Structures are given as C-alpha cells and as structure tokens.
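So the structure is just underneath, and the comments pick up after that.
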Amino acid sequence: MELKPEKLIELANYKMPFGKYKGQSLINIPEAYYVWYKQKGFPDGKLGNLMHEMFEIKRNGLEDLIRQIRKF
C-alpha cells in the first residue's frame, strides 16, 4: 500500500457517509468497526478503499500520522 500525500489528506478529512458513524471522520471511528468490516468485506469503491487503508493505519499504530495532517 503506497499512500501519497494527497491520499493522506483525503483520509484525514473523509467522513463516513452512512450508518452508526455517519458524519464522523474515518480516523475517529473505532478500530473494532474496521476489524468487523475486514471480516465481512469492505464496501466497493472509494469508501471501501479508504476504510481498508484506515484499517491498516490503525492496525499498525499510525493514527497520529493522520491526526497531525487533519484539517480543523
């Protein structure tokens, strides 16, 4: 997985469009939610790709990287 700066900025600011965490930034969604999706299958398309990347970031303890570039 190669993350370019533009992708990291997008990850830092992308909001969940539906469900229990609708409107929440992907970085603020608990890791357990991503683990569940990893088992069931991430959604197709852009959202699924971003969720999979966030899962890997959280799993590897790199959340601070995303938090540091997040726009307020």
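Every chain in the structure tokens has a letter given in the order shown (A, B, ...), and although residue numbers restart at 1 in each chain, ligands are simply numbered from 1 in the order shown.
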For His52 of chain A, find every residue with an atom within 7 Å (counting only C-alpha atoms), except residues of its own chain fewer than 4 positions away, and show them as a PyMOL selection string.
chain A and resi 42+48+56
Residues at most 10 Å from segment 14-29 of chain A, counting only C-alpha atoms, excluding those fewer than 6 positions away in the same chain, as a list in words?
Leu8, Leu47, Leu50, Met51, Met54, Phe55, Ile57, Lys58, Glu63, Asp64, Ile66, Arg67 and Arg70 of chain A
How about saving the chosen residues, C-alpha atoms kept, as a short mmCIF file (atom, residue, chain, number, x, y, z; two decimals), in the first residue's frame?
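Resulting contents of again27.cif:
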data_model
loop_
_atom_site.label_atom_id
_atom_site.label_comp_id
_atom_site.auth_asym_id
_atom_site.auth_seq_id
_atom_site.Cartn_x
_atom_site.Cartn_y
_atom_site.Cartn_z
CA LEU A 8 -3.29 11.02 3.41
CA LEU A 47 -15.19 4.33 0.54
CA LEU A 50 -10.34 4.40 2.25
CA MET A 51 -11.73 2.19 5.02
CA MET A 54 -7.60 3.35 7.59
CA PHE A 55 -7.82 -0.20 8.96
CA ILE A 57 -3.15 2.59 9.56
CA LYS A 58 -4.94 1.84 12.82
CA GLU A 63 -3.13 7.11 13.71
CA ASP A 64 -1.01 10.05 14.90
CA ILE A 66 -3.31 11.09 10.18
CA ARG A 67 -4.22 13.26 13.17
CA ARG A 70 -6.03 16.64 9.73
#
Test item, alpha helix (DSSP H) assignment across chain A, answer as a VMD selection string
chain A and resid 5 to 13 31 to 40 45 to 59 63 to 69
Could the residues in this selection be saved with N, CA and C atoms as a short mmCIF file (atom, residue, chain, number, x, y, z; two decimals), in the first residue's frame?
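Result written to selection_6.cif:
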data_model
loop_
_atom_site.label_atom_id
_atom_site.label_comp_id
_atom_site.auth_asym_id
_atom_site.auth_seq_id
_atom_site.Cartn_x
_atom_site.Cartn_y
_atom_site.Cartn_z
N PRO A 5 0.80 11.91 -0.48
CA PRO A 5 0.33 12.99 0.40
C PRO A 5 -1.14 13.36 0.19
N GLU A 6 -1.57 13.37 -1.07
CA GLU A 6 -2.98 13.73 -1.35
C GLU A 6 -3.93 12.71 -0.72
N LYS A 7 -3.54 11.45 -0.75
CA LYS A 7 -4.37 10.38 -0.19
C LYS A 7 -4.43 10.50 1.33
N LEU A 8 -3.31 10.84 1.95
CA LEU A 8 -3.29 11.02 3.41
C LEU A 8 -4.18 12.18 3.83
N ILE A 9 -4.15 13.26 3.06
CA ILE A 9 -5.01 14.41 3.37
C ILE A 9 -6.48 14.01 3.23
N GLU A 10 -6.79 13.26 2.18
CA GLU A 10 -8.16 12.79 1.99
C GLU A 10 -8.58 11.88 3.14
N LEU A 11 -7.72 10.95 3.53
CA LEU A 11 -8.01 10.06 4.65
C LEU A 11 -8.25 10.84 5.94
N ALA A 12 -7.46 11.88 6.15
CA ALA A 12 -7.56 12.66 7.37
C ALA A 12 -8.88 13.42 7.47
N ASN A 13 -9.50 13.70 6.34
CA ASN A 13 -10.70 14.54 6.34
C ASN A 13 -11.97 13.85 5.87
N GLU A 31 -11.35 1.14 15.95
CA GLU A 31 -10.69 0.09 15.18
C GLU A 31 -11.57 -1.15 15.07
N ALA A 32 -12.33 -1.44 16.10
CA ALA A 32 -13.20 -2.63 16.08
C ALA A 32 -14.18 -2.59 14.91
N TYR A 33 -14.63 -1.42 14.51
CA TYR A 33 -15.54 -1.28 13.38
C TYR A 33 -14.84 -1.72 12.09
N TYR A 34 -13.58 -1.33 11.95
CA TYR A 34 -12.80 -1.73 10.77
C TYR A 34 -12.49 -3.23 10.78
N VAL A 35 -12.24 -3.76 11.96
CA VAL A 35 -12.00 -5.20 12.07
C VAL A 35 -13.24 -5.96 11.62
N TRP A 36 -14.41 -5.50 12.02
CA TRP A 36 -15.67 -6.14 11.61
C TRP A 36 -15.80 -6.10 10.08
N TYR A 37 -15.53 -4.93 9.51
CA TYR A 37 -15.61 -4.81 8.04
C TYR A 37 -14.56 -5.67 7.36
N LYS A 38 -13.38 -5.78 7.95
CA LYS A 38 -12.34 -6.63 7.37
C LYS A 38 -12.85 -8.07 7.27
N GLN A 39 -13.57 -8.53 8.28
CA GLN A 39 -14.10 -9.89 8.29
C GLN A 39 -15.27 -10.05 7.32
N LYS A 40 -16.12 -9.05 7.22
CA LYS A 40 -17.32 -9.13 6.38
C LYS A 40 -17.08 -8.68 4.94
N GLY A 45 -15.63 0.32 -4.05
CA GLY A 45 -15.36 1.69 -4.46
C GLY A 45 -14.45 2.46 -3.52
N LYS A 46 -14.54 3.77 -3.66
CA LYS A 46 -13.67 4.69 -2.93
C LYS A 46 -13.78 4.52 -1.43
N LEU A 47 -15.00 4.46 -0.90
CA LEU A 47 -15.19 4.33 0.54
C LEU A 47 -14.52 3.07 1.06
N GLY A 48 -14.72 1.96 0.40
CA GLY A 48 -14.11 0.71 0.82
C GLY A 48 -12.59 0.78 0.81
N ASN A 49 -12.04 1.41 -0.21
CA ASN A 49 -10.58 1.58 -0.28
C ASN A 49 -10.06 2.42 0.87
N LEU A 50 -10.76 3.53 1.15
CA LEU A 50 -10.34 4.40 2.25
C LEU A 50 -10.47 3.68 3.59
N MET A 51 -11.55 2.93 3.76
CA MET A 51 -11.73 2.19 5.02
C MET A 51 -10.65 1.13 5.19
N HIS A 52 -10.30 0.46 4.12
CA HIS A 52 -9.24 -0.56 4.20
C HIS A 52 -7.90 0.09 4.55
N GLU A 53 -7.61 1.23 3.95
CA GLU A 53 -6.38 1.95 4.26
C GLU A 53 -6.37 2.41 5.71
N MET A 54 -7.52 2.91 6.20
CA MET A 54 -7.60 3.35 7.59
C MET A 54 -7.44 2.16 8.54
N PHE A 55 -7.99 1.01 8.17
CA PHE A 55 -7.82 -0.20 8.96
C PHE A 55 -6.33 -0.52 9.12
N GLU A 56 -5.60 -0.47 8.02
CA GLU A 56 -4.17 -0.76 8.06
C GLU A 56 -3.41 0.27 8.89
N ILE A 57 -3.79 1.52 8.78
CA ILE A 57 -3.15 2.59 9.56
C ILE A 57 -3.38 2.36 11.05
N LYS A 58 -4.62 2.08 11.42
CA LYS A 58 -4.94 1.84 12.82
C LYS A 58 -4.26 0.57 13.33
N ARG A 59 -4.29 -0.46 12.54
CA ARG A 59 -3.70 -1.74 12.93
C ARG A 59 -2.20 -1.61 13.19
N GLU A 63 -2.04 6.13 13.66
CA GLU A 63 -3.13 7.11 13.71
C GLU A 63 -2.62 8.53 13.91
N ASP A 64 -1.54 8.71 14.68
CA ASP A 64 -1.01 10.05 14.90
C ASP A 64 -0.58 10.72 13.60
N LEU A 65 -0.12 9.93 12.66
CA LEU A 65 0.25 10.46 11.35
C LEU A 65 -0.94 11.16 10.71
N ILE A 66 -2.09 10.52 10.76
CA ILE A 66 -3.31 11.09 10.18
C ILE A 66 -3.80 12.28 10.99
N ARG A 67 -3.76 12.16 12.30
CA ARG A 67 -4.22 13.26 13.17
C ARG A 67 -3.39 14.52 12.97
N GLN A 68 -2.11 14.38 12.70
CA GLN A 68 -1.23 15.54 12.52
C GLN A 68 -1.54 16.31 11.24
N ILE A 69 -2.06 15.64 10.22
CA ILE A 69 -2.34 16.36 8.97
C ILE A 69 -3.81 16.73 8.82
#
